[in-house]
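Containing PDB, C-alpha atoms: protein09.pdb.
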```pdb
ATOM      1  CA  LYS E   1       4.640   9.629 -11.870
ATOM      2  CA  ASP E   2       4.451   8.053  -8.445
ATOM      3  CA  ILE E   3       5.562   9.029  -4.958
ATOM      4  CA  ALA E   4       6.784   7.010  -1.990
ATOM      5  CA  ARG E   5       7.613   7.839   1.614
ATOM      6  CA  ILE E   6      10.203   6.123   3.796
ATOM      7  CA  THR E   7      10.159   6.702   7.556
ATOM      8  CA  ALA E   8      12.539   5.611  10.314
ATOM      9  CA  ARG E   9      10.814   5.242  13.661
ATOM     10  CA  PRO E  10      12.629   5.904  16.953
ATOM     11  CA  ASP E  11      12.575   2.151  17.656
ATOM     12  CA  GLY E  12      14.509   1.487  14.439
ATOM     13  CA  GLN E  13      11.607   0.096  12.425
ATOM     14  CA  ILE E  14      11.256   1.342   8.852
ATOM     15  CA  VAL E  15       7.891   2.273   7.351
ATOM     16  CA  VAL E  16       7.546   1.991   3.565
ATOM     17  CA  THR E  17       4.579   3.971   2.245
ATOM     18  CA  PRO E  18       4.154   3.570  -1.538
ATOM     19  CA  GLY E  19       1.796   5.456  -3.809
ATOM     20  CA  LEU E  20       0.787   2.225  -5.514
ATOM     21  CA  MET E  21      -1.860  -0.147  -4.171
ATOM     22  CA  SER E  22      -1.395  -3.893  -4.033
ATOM     23  CA  VAL E  23      -4.526  -5.844  -4.917
ATOM     24  CA  GLY E  24      -3.000  -9.285  -4.864
ATOM     25  CA  GLN E  25       0.141  -8.782  -6.948
ATOM     26  CA  GLY E  26       2.475  -9.082  -3.949
ATOM     27  CA  HIS E  27       4.051  -5.617  -4.046
ATOM     28  CA  GLU E  28       4.292  -5.662  -0.254
ATOM     29  CA  THR E  29       6.621  -8.655  -0.516
ATOM     30  CA  ALA E  30       8.874  -7.348  -3.293
ATOM     31  CA  LEU E  31       9.133  -3.766  -2.059
ATOM     32  CA  ALA E  32       9.586  -4.691   1.601
ATOM     33  CA  ARG E  33      12.443  -6.970   0.587
ATOM     34  CA  MET E  34      13.920  -4.186  -1.537
ATOM     35  CA  ALA E  35      13.822  -1.843   1.459
ATOM     36  CA  SER E  36      15.303  -4.495   3.739
ATOM     37  CA  GLN E  37      18.254  -5.059   1.427
ATOM     38  CA  ARG E  38      18.916  -1.380   0.697
ATOM     39  CA  LEU E  39      18.655  -0.201   4.299
ATOM     40  CA  GLY E  40      20.296  -3.184   5.971
ATOM     41  CA  VAL E  41      17.258  -3.818   8.145
ATOM     42  CA  ASP E  42      15.723  -7.180   9.002
ATOM     43  CA  ILE E  43      12.591  -7.795   6.932
ATOM     44  CA  ASP E  44      10.613  -8.190  10.166
ATOM     45  CA  ASP E  45      11.416  -4.556  10.970
ATOM     46  CA  ILE E  46       9.949  -3.304   7.686
ATOM     47  CA  ILE E  47       6.371  -2.031   7.960
ATOM     48  CA  TYR E  48       4.577  -1.809   4.614
ATOM     49  CA  GLN E  49       1.817   0.789   4.868
ATOM     50  CA  GLN E  50      -0.320   1.387   1.796
ATOM     51  CA  GLY E  51      -3.552   3.210   1.097
ATOM     52  CA  ASP E  52      -3.119   6.084   3.588
ATOM     53  CA  THR E  53      -3.753   9.292   1.636
ATOM     54  CA  ASP E  54      -2.740  11.413   4.639
ATOM     55  CA  LEU E  55       0.864  10.303   4.199
ATOM     56  CA  LEU E  56       1.357  11.069   0.498
ATOM     57  CA  PRO E  57       0.415  14.064  -1.663
ATOM     58  CA  SER E  58      -0.625  11.740  -4.495
ATOM     59  CA  GLY E  59      -0.405   8.181  -5.780
ATOM     60  CA  ARG E  60      -1.087   6.491  -9.094
ATOM     61  CA  GLY E  61      -2.592   3.306  -7.702
ATOM     62  CA  SER E  62      -2.027   0.029  -9.523
ATOM     63  CA  GLY E  63      -2.618  -0.776 -13.173
ATOM     64  CA  GLY E  64      -1.143  -0.997 -16.622
ATOM     65  CA  SER E  65       1.758  -3.219 -15.517
ATOM     66  CA  ALA E  66       3.297  -0.061 -14.064
ATOM     67  CA  ALA E  67       3.300  -0.761 -10.327
ATOM     68  CA  THR E  68       6.919  -1.886 -10.190
ATOM     69  CA  VAL E  69       8.017   0.094 -13.243
ATOM     70  CA  ILE E  70       6.856   3.421 -11.765
ATOM     71  CA  GLY E  71       5.714   2.846  -8.169
ATOM     72  CA  GLY E  72       8.585   0.499  -7.364
ATOM     73  CA  ALA E  73      11.032   2.933  -8.942
ATOM     74  CA  ALA E  74       9.619   5.689  -6.715
ATOM     75  CA  VAL E  75      10.325   3.506  -3.677
ATOM     76  CA  HIS E  76      13.843   2.911  -5.006
ATOM     77  CA  VAL E  77      14.417   6.662  -5.365
ATOM     78  CA  ALA E  78      12.996   7.308  -1.893
ATOM     79  CA  LEU E  79      15.284   4.668  -0.367
ATOM     80  CA  ASN E  80      18.373   6.270  -1.899
ATOM     81  CA  GLU E  81      17.308   9.729  -0.734
ATOM     82  CA  PHE E  82      16.571   8.251   2.680
ATOM     83  CA  VAL E  83      20.116   6.919   2.996
ATOM     84  CA  ALA E  84      21.480  10.292   1.851
ATOM     85  CA  ALA E  85      19.381  12.060   4.491
ATOM     86  CA  GLY E  86      20.630   9.599   7.094
ATOM     87  CA  LYS E  87      24.218  10.412   6.163
ATOM     88  CA  GLY E  88      23.475  14.101   6.641
ATOM     89  CA  ILE E  89      22.154  13.528  10.153
ATOM     90  CA  ALA E  90      25.016  11.185  11.022
ATOM     91  CA  ALA E  91      27.529  13.771   9.800
ATOM     92  CA  GLY E  92      26.072  16.365  12.148
ATOM     93  CA  VAL E  93      26.307  14.014  15.111
ATOM     94  CA  LEU E  94      29.755  12.644  14.280
ATOM     95  CA  GLY E  95      31.163  16.059  13.376
ATOM     96  CA  CYS E  96      32.202  15.530   9.779
ATOM     97  CA  ASP E  97      31.010  16.101   6.222
ATOM     98  CA  ALA E  98      28.237  13.898   4.833
ATOM     99  CA  ASP E  99      30.519  12.569   2.089
ATOM    100  CA  GLN E 100      32.811  11.175   4.791
ATOM    101  CA  ILE E 101      30.036   9.001   6.217
ATOM    102  CA  THR E 102      29.871   5.388   5.088
ATOM    103  CA  PHE E 103      26.712   3.306   5.237
ATOM    104  CA  ASP E 104      26.835  -0.465   5.459
ATOM    105  CA  ALA E 105      24.555  -3.136   6.935
ATOM    106  CA  GLY E 106      22.223  -0.531   8.396
ATOM    107  CA  LEU E 107      24.942   1.423  10.205
ATOM    108  CA  PHE E 108      26.422   4.885   9.593
ATOM    109  CA  SER E 109      30.029   5.483  10.564
ATOM    110  CA  ASN E 110      32.990   7.781  10.011
ATOM    111  CA  PRO E 111      36.005   5.696   8.927
ATOM    112  CA  ALA E 112      38.296   8.517  10.052
ATOM    113  CA  GLU E 113      37.166   7.926  13.636
ATOM    114  CA  PRO E 114      36.796   4.159  14.044
ATOM    115  CA  ALA E 115      36.654   4.483  17.828
ATOM    116  CA  ARG E 116      33.291   6.221  17.696
ATOM    117  CA  PRO E 117      30.361   3.775  17.652
ATOM    118  CA  PRO E 118      28.324   3.661  14.434
ATOM    119  CA  MET E 119      24.787   5.016  14.308
ATOM    120  CA  SER E 120      21.778   2.795  13.650
ATOM    121  CA  TRP E 121      18.497   3.842  12.064
ATOM    122  CA  ALA E 122      17.067   4.234  15.569
ATOM    123  CA  ASP E 123      19.878   6.683  16.348
ATOM    124  CA  ILE E 124      19.246   8.557  13.111
ATOM    125  CA  ALA E 125      15.533   8.821  13.894
ATOM    126  CA  SER E 126      16.168  10.106  17.422
ATOM    127  CA  HIS E 127      18.522  12.820  16.124
ATOM    128  CA  SER E 128      16.263  13.878  13.242
ATOM    129  CA  ASN E 129      14.237  16.351  15.332
ATOM    130  CA  GLU E 130      11.101  15.134  13.550
ATOM    131  CA  ALA E 131       8.027  13.936  15.397
ATOM    132  CA  GLY E 132       7.651  10.207  14.847
ATOM    133  CA  GLY E 133      11.122   9.802  13.336
ATOM    134  CA  MET E 134      12.867  10.761  10.109
ATOM    135  CA  SER E 135      10.751  10.762   6.951
ATOM    136  CA  VAL E 136      11.693  11.292   3.308
ATOM    137  CA  LEU E 137       9.612  11.534   0.122
ATOM    138  CA  GLY E 138      10.834  10.271  -3.231
ATOM    139  CA  GLU E 139       9.179  10.464  -6.634
ATOM    140  CA  PHE E 140       9.765   9.023 -10.061
ATOM    141  CA  LEU E 141       8.516  10.160 -13.468
ATOM    142  CA  PRO E 142       9.591   7.850 -16.305
ATOM    143  CA  PRO E 143      10.927   9.586 -19.414
ATOM    144  CA  ASP E 144       9.213   7.043 -21.660
ATOM    145  CA  VAL E 145       7.217   3.820 -21.556
ATOM    146  CA  THR E 146       8.585   0.286 -21.528
ATOM    147  CA  TYR E 147       7.050  -3.090 -22.326
ATOM    148  CA  PRO E 148       7.849  -6.726 -21.574
ATOM    149  CA  ASN E 149       8.565  -9.097 -24.441
ATOM    150  CA  GLY E 150       7.888 -12.790 -24.556
ATOM    151  CA  CYS E 151       6.742 -15.927 -26.303
ATOM    152  CA  HIS E 152       3.870 -18.248 -25.350
ATOM    153  CA  ILE E 153       3.660 -21.737 -26.860
ATOM    154  CA  CYS E 154       0.468 -23.670 -26.289
ATOM    155  CA  GLU E 155      -0.417 -27.266 -27.216
ATOM    156  CA  VAL E 156      -4.051 -28.356 -27.040
ATOM    157  CA  GLU E 157      -6.105 -31.457 -27.739
ATOM    158  CA  ILE E 158      -9.754 -31.381 -28.838
ATOM    159  CA  ASP E 159     -12.273 -34.152 -28.285
ATOM    160  CA  PRO E 160     -14.336 -34.147 -31.523
ATOM    161  CA  ALA E 161     -17.213 -35.942 -29.807
ATOM    162  CA  THR E 162     -17.730 -33.212 -27.200
ATOM    163  CA  GLY E 163     -15.788 -30.204 -28.478
ATOM    164  CA  LYS E 164     -13.891 -29.961 -25.191
ATOM    165  CA  VAL E 165     -10.461 -28.330 -25.390
ATOM    166  CA  SER E 166      -7.740 -29.761 -23.137
ATOM    167  CA  PHE E 167      -4.194 -28.519 -22.618
ATOM    168  CA  ALA E 168      -1.269 -30.823 -23.323
ATOM    169  CA  ASP E 169       1.484 -28.291 -22.608
ATOM    170  CA  TYR E 170       2.076 -24.580 -22.070
ATOM    171  CA  VAL E 171       5.507 -22.936 -22.233
ATOM    172  CA  VAL E 172       6.401 -19.285 -21.651
ATOM    173  CA  VAL E 173       9.663 -17.399 -22.046
ATOM    174  CA  GLU E 174       9.272 -13.799 -20.899
ATOM    175  CA  ASP E 175      11.577 -10.806 -20.679
ATOM    176  CA  VAL E 176      10.200  -8.646 -17.867
ATOM    177  CA  GLY E 177      13.479  -6.840 -17.288
ATOM    178  CA  THR E 178      14.971  -7.058 -13.818
ATOM    179  CA  VAL E 179      13.172  -9.688 -11.735
ATOM    180  CA  LEU E 180      12.674  -8.412  -8.186
ATOM    181  CA  ASN E 181      10.989 -11.590  -6.960
ATOM    182  CA  ALA E 182      10.938 -14.727  -9.122
ATOM    183  CA  ASP E 183       8.032 -16.327  -7.251
ATOM    184  CA  LEU E 184       5.835 -13.260  -7.716
ATOM    185  CA  VAL E 185       6.688 -13.025 -11.413
ATOM    186  CA  GLU E 186       5.746 -16.671 -11.921
ATOM    187  CA  GLY E 187       2.567 -16.172  -9.909
ATOM    188  CA  GLN E 188       1.615 -13.175 -12.031
ATOM    189  CA  MET E 189       2.198 -15.238 -15.175
ATOM    190  CA  HIS E 190       0.066 -18.106 -13.838
ATOM    191  CA  GLY E 191      -2.804 -15.773 -13.015
ATOM    192  CA  GLY E 192      -2.518 -13.909 -16.302
ATOM    193  CA  ILE E 193      -2.513 -17.115 -18.340
ATOM    194  CA  ALA E 194      -5.559 -18.386 -16.455
ATOM    195  CA  GLN E 195      -7.368 -15.119 -17.135
ATOM    196  CA  GLY E 196      -6.525 -15.230 -20.837
ATOM    197  CA  VAL E 197      -7.498 -18.884 -21.167
ATOM    198  CA  GLY E 198     -10.781 -18.188 -19.399
ATOM    199  CA  GLN E 199     -11.633 -15.530 -21.944
ATOM    200  CA  ALA E 200     -10.526 -17.715 -24.846
ATOM    201  CA  LEU E 201     -12.437 -20.830 -23.795
ATOM    202  CA  GLY E 202     -15.659 -19.769 -22.226
ATOM    203  CA  GLU E 203     -16.143 -16.372 -20.637
ATOM    204  CA  ILE E 204     -18.985 -14.733 -22.530
ATOM    205  CA  LEU E 205     -21.914 -12.513 -21.617
ATOM    206  CA  HIS E 206     -25.375 -13.569 -22.797
ATOM    207  CA  PHE E 207     -28.427 -11.318 -22.628
ATOM    208  CA  ASP E 208     -32.077 -12.131 -23.167
ATOM    209  CA  GLU E 209     -34.372 -10.171 -25.484
ATOM    210  CA  SER E 210     -35.100  -7.596 -22.786
ATOM    211  CA  GLY E 211     -31.409  -6.925 -22.192
ATOM    212  CA  GLN E 212     -31.241  -8.862 -18.934
ATOM    213  CA  LEU E 213     -27.882 -10.529 -18.291
ATOM    214  CA  ILE E 214     -28.451 -14.275 -18.018
ATOM    215  CA  THR E 215     -24.845 -15.304 -17.321
ATOM    216  CA  GLY E 216     -24.501 -13.309 -14.126
ATOM    217  CA  SER E 217     -23.385 -16.061 -11.755
ATOM    218  CA  PHE E 218     -20.790 -18.819 -11.673
ATOM    219  CA  MET E 219     -23.593 -21.291 -12.453
ATOM    220  CA  ASP E 220     -23.883 -19.747 -15.917
ATOM    221  CA  TYR E 221     -20.571 -17.951 -16.501
ATOM    222  CA  GLN E 222     -17.754 -20.348 -17.287
ATOM    223  CA  MET E 223     -14.429 -19.726 -15.585
ATOM    224  CA  PRO E 224     -11.474 -22.115 -15.612
ATOM    225  CA  ILE E 225     -10.302 -23.938 -12.498
ATOM    226  CA  ALA E 226      -6.881 -25.356 -11.621
ATOM    227  CA  ALA E 227      -7.807 -28.796 -12.960
ATOM    228  CA  ASP E 228      -8.269 -27.291 -16.440
ATOM    229  CA  PHE E 229      -4.581 -26.420 -16.796
ATOM    230  CA  PRO E 230      -1.335 -28.326 -17.275
ATOM    231  CA  ASN E 231       1.815 -27.497 -15.340
ATOM    232  CA  PHE E 232       3.036 -24.222 -16.821
ATOM    233  CA  ARG E 233       6.686 -24.126 -17.837
ATOM    234  CA  ILE E 234       7.764 -20.534 -17.298
ATOM    235  CA  SER E 235      11.213 -19.006 -17.579
ATOM    236  CA  THR E 236      12.484 -15.442 -17.743
ATOM    237  CA  ILE E 237      15.261 -13.718 -19.643
ATOM    238  CA  ALA E 238      16.269 -10.481 -17.934
ATOM    239  CA  VAL E 239      17.154  -7.636 -20.285
ATOM    240  CA  PRO E 240      16.920  -4.588 -17.987
ATOM    241  CA  THR E 241      15.345  -1.442 -19.383
ATOM    242  CA  LYS E 242      17.006   1.950 -18.995
ATOM    243  CA  ILE E 243      13.649   3.695 -18.558
ATOM    244  CA  ASN E 244      13.663   3.241 -14.773
ATOM    245  CA  PRO E 245      16.405   2.681 -12.166
ATOM    246  CA  LEU E 246      15.191  -0.833 -11.357
ATOM    247  CA  GLY E 247      15.418  -2.044 -14.951
ATOM    248  CA  ALA E 248      11.936  -3.583 -14.602
ATOM    249  CA  LYS E 249       9.489  -3.832 -17.515
ATOM    250  CA  GLY E 250       6.314  -5.003 -15.789
ATOM    251  CA  VAL E 251       4.573  -8.367 -15.842
ATOM    252  CA  GLY E 252       0.938  -7.808 -14.865
ATOM    253  CA  GLU E 253      -0.590  -8.094 -18.339
ATOM    254  CA  ALA E 254       1.962 -10.322 -20.074
ATOM    255  CA  GLY E 255       0.271 -13.594 -19.152
ATOM    256  CA  THR E 256      -3.180 -12.568 -20.342
ATOM    257  CA  VAL E 257      -2.049 -10.980 -23.600
ATOM    258  CA  GLY E 258       0.046 -13.982 -24.603
ATOM    259  CA  ALA E 259      -2.470 -16.595 -23.487
ATOM    260  CA  LEU E 260      -5.312 -15.240 -25.611
ATOM    261  CA  ALA E 261      -3.401 -15.487 -28.878
ATOM    262  CA  ALA E 262      -1.471 -18.681 -28.112
ATOM    263  CA  THR E 263      -4.558 -20.581 -26.952
ATOM    264  CA  MET E 264      -6.732 -19.562 -29.881
ATOM    265  CA  ASN E 265      -3.962 -20.162 -32.425
ATOM    266  CA  ALA E 266      -3.497 -23.679 -31.046
ATOM    267  CA  ILE E 267      -7.243 -24.340 -31.213
ATOM    268  CA  VAL E 268      -7.546 -22.997 -34.758
ATOM    269  CA  ASP E 269      -4.539 -25.067 -35.831
ATOM    270  CA  ALA E 270      -6.061 -28.233 -34.369
ATOM    271  CA  MET E 271      -9.463 -27.568 -35.939
ATOM    272  CA  ALA E 272      -7.896 -26.853 -39.320
ATOM    273  CA  CYS E 273      -7.000 -30.541 -39.512
ATOM    274  CA  ALA E 274     -10.745 -31.247 -39.468
ATOM    275  CA  GLY E 275     -11.484 -28.702 -42.175
ATOM    276  CA  VAL E 276     -12.482 -25.697 -40.046
ATOM    277  CA  ALA E 277     -11.227 -22.678 -41.974
ATOM    278  CA  ALA E 278     -11.982 -19.930 -39.429
ATOM    279  CA  PHE E 279     -13.034 -19.829 -35.801
ATOM    280  CA  GLU E 280     -13.366 -17.056 -33.233
ATOM    281  CA  MET E 281     -13.378 -17.237 -29.458
ATOM    282  CA  PRO E 282     -14.799 -18.186 -27.093
ATOM    283  CA  ALA E 283     -14.032 -21.820 -27.819
ATOM    284  CA  THR E 284     -16.814 -23.298 -25.712
ATOM    285  CA  PRO E 285     -17.366 -27.042 -26.166
ATOM    286  CA  HIS E 286     -20.649 -26.455 -27.996
ATOM    287  CA  ARG E 287     -19.196 -23.874 -30.400
ATOM    288  CA  VAL E 288     -16.170 -26.066 -31.123
ATOM    289  CA  TRP E 289     -18.353 -29.135 -31.631
ATOM    290  CA  GLN E 290     -20.710 -27.179 -33.911
ATOM    291  CA  ALA E 291     -17.816 -25.880 -36.018
ATOM    292  CA  LEU E 292     -16.457 -29.412 -36.399
ATOM    293  CA  GLN E 293     -19.902 -30.710 -37.397
ATOM    294  CA  ASP E 294     -20.352 -27.920 -39.945
ATOM    295  CA  ALA E 295     -16.941 -28.655 -41.458
ATOM    296  CA  LYS E 296     -17.791 -32.350 -41.624
ATOM    297  CA  LYS E 297     -21.056 -31.636 -43.445
ATOM    298  CA  SER E 298     -19.337 -29.293 -45.884
ATOM    299  CA  ALA E 299     -16.712 -31.909 -46.676
ATOM    300  CA  SER E 300     -19.352 -34.523 -47.412
TER     301      SER E 300
END
```

As structure tokens, how would this structure be written, given the file I've shared?
Amino acid sequence: KDIARITARPDGQIVVTPGLMSVGQGHETALARMASQRLGVDIDDIIYQQGDTDLLPSGRGSGGSAATVIGGAAVHVALNEFVAAGKGIAAGVLGCDADQITFDAGLFSNPAEPARPPMSWADIASHSNEAGGMSVLGEFLPPDVTYPNGCHICEVEIDPATGKVSFADYVVVEDVGTVLNADLVEGQMHGGIAQGVGQALGEILHFDESGQLITGSFMDYQMPIAADFPNFRISTIAVPTKINPLGAKGVGEAGTVGALAATMNAIVDAMACAGVAAFEMPATPHRVWQALQDAKKSAS
């Protein structure tokens, strides 16, 4: 499970404190926007505060493509409970039941008394009798696991003289459930594909006879760069899951998992035309060239 805290400061700013940790995935963008839309607050008034263990009893961190699926769902739950708590405070001030309070565009009001001015989040915080504003915890424990589904199609070309593998095209169709931020999903796919291709084409650890790692720097350890890739063609098909309230399935590992198999299958298919019956990664230029030479000798 994961836990999130939402706080309304007396100045009307909203603090989102998730249990997850963003390490480049862009959670602060997606979850801040989620909070902005749910609470009717300008995105500039959303403060995303992560990594403070004094503010949460626990947190699951980030991993396993579960940040949005579990951590994001916890933020979603906390936001709904936050609005409910705000209605309770507004009801006390406006002298009515909480179910009579309406919330829209960041304002709480009692439709039965339209003459009374609505209450903002700053008003709610000032009437909460809590030091530093109103704060609510929300948690989410998924009843089961969920996975993304997708298809990667890779087209490669191999130079038989050097063994170098080049990409002609790369197409992905992925079902990651509800897409909270299309740019972040595409970015995650780009990074995942690059990671998978790196492993497929060249990332390998070599040790000498004494056990000393001899590929311990970027001079010796091959990693792909942007120039090694074509323009990725990525699209999503949203089939929301019922496992969490967001309908999200996760995307963090989808690019890597698909890229490994698609890249190697394309390479093996291309090499089969030259008589190579079996080949395992990494497909470094030397290993590809050697396999092609061996197949040529066997054929002759």

Checklist entry - Expanded to explicit residues, what is the PyMOL selection byres ((chain E and resi 146) around 8) for this file, as JSON, numbers by chain? => result {"E": [144, 145, 147, 148, 241, 243, 249]}

Next on the checklist: Selection in question (the file shown): the PyMOL selection byres ((chain E and resi 216-219) around 12). Which residues does it include, as an MDAnalysis selection string?
Outcome noted: chainID E and resid 202:208 212:215 220:225

Next on the checklist: Just to confirm, what's the straight-line distance from atom CA of E:Met189 to atom CA of E:Ala67 in Å (one decimal)?
Outcome noted: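 One can read the atom CA of E:Met189 to atom CA of E:Ala67 distance as 15.3 Å.
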
Checklist entry - Written as a PyMOL selection string, which residues does the PyMOL selection byres ((chain E and resi 276) around 12) give for the file shown? => result chain E and resi 267-275+277-280+287-299

Item to check | For E:Ala85, the nearest of the candidates E:Val251, E:Ala8, E:Leu184, E:Ile43, counting all atoms listed in the file | outcome: E:Ala8

Next on the checklist: Counting all atoms listed in the file, I want the residues whose atoms come within 7 Å of (9.4, 3.2, 6.9) in the file frame, returned as a PyMOL selection string.
Outcome noted: chain E and resi 6-8+13-17+46-47

Checklist outcome for this item: Counting only C-alpha atoms, closest pick from E:Ile193, E:Leu31, E:Ala125, E:Leu107 relative to E:Val75 is E:Leu31

Item to check | Length of the atom CA of E:Ile3 to atom CA of E:Gln50 vector [Å] | outcome: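 These atoms are spaced 11.8 Å apart.
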
Item to check | Gap from atom CA of E:Pro117 to atom CA of E:Pro10 - Å, one decimal | outcome: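 Separating atom CA of E:Pro117 from atom CA of E:Pro10 is a distance of 17.9 Å.
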
Item to check | Which of E:Trp121, E:Phe108, E:Phe103, E:Phe232 sits closest to E:His152 [using all atoms listed in the file] | outcome: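 Using all atoms listed in the file, the shortest distance to E:His152 belongs to E:Phe232.
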
Checklist entry - Out of E:Asp104, E:Asp123, E:Asp52, E:Asp2, which residue has the shortest atom-to-atom distance to E:Val69 when counting all atoms listed in the file? => result E:Asp2

Next on the checklist: I'd like the neighbourhood of E:Lys164 as a list in words, where a residue qualifies if any of its atoms comes within 9 Å (using all atoms listed in the file), though same-chain residues fewer than 2 positions away should be ignored.
Outcome noted: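 In the requested form, the answer reads Glu157, Ile158, Asp159, Pro160, Ala161, Thr162, Ser166, Ala283, Thr284, Pro285, His286, Val288 and Trp289 of chain E.
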
Write a file of the selected residues as a PDB file, keeping the file's coordinate frame, keeping C-alpha atoms.
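again-v8.pdb, written as the output of this step:
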```pdb
ATOM      1  CA  GLU E 157      -6.105 -31.457 -27.739  1.00  0.00           C
ATOM      2  CA  ILE E 158      -9.754 -31.381 -28.838  1.00  0.00           C
ATOM      3  CA  ASP E 159     -12.273 -34.152 -28.285  1.00  0.00           C
ATOM      4  CA  PRO E 160     -14.336 -34.147 -31.523  1.00  0.00           C
ATOM      5  CA  ALA E 161     -17.213 -35.942 -29.807  1.00  0.00           C
ATOM      6  CA  THR E 162     -17.730 -33.212 -27.200  1.00  0.00           C
ATOM      7  CA  SER E 166      -7.740 -29.761 -23.137  1.00  0.00           C
ATOM      8  CA  ALA E 283     -14.032 -21.820 -27.819  1.00  0.00           C
ATOM      9  CA  THR E 284     -16.814 -23.298 -25.712  1.00  0.00           C
ATOM     10  CA  PRO E 285     -17.366 -27.042 -26.166  1.00  0.00           C
ATOM     11  CA  HIS E 286     -20.649 -26.455 -27.996  1.00  0.00           C
ATOM     12  CA  VAL E 288     -16.170 -26.066 -31.123  1.00  0.00           C
ATOM     13  CA  TRP E 289     -18.353 -29.135 -31.631  1.00  0.00           C
TER      14      TRP E 289
END
```

Next on the checklist: I'd like to know which of E:Thr178, E:Asp44, E:Leu56, E:Gly86 is closest to E:Gly133, using all atoms listed in the file.
Outcome noted: E:Gly86
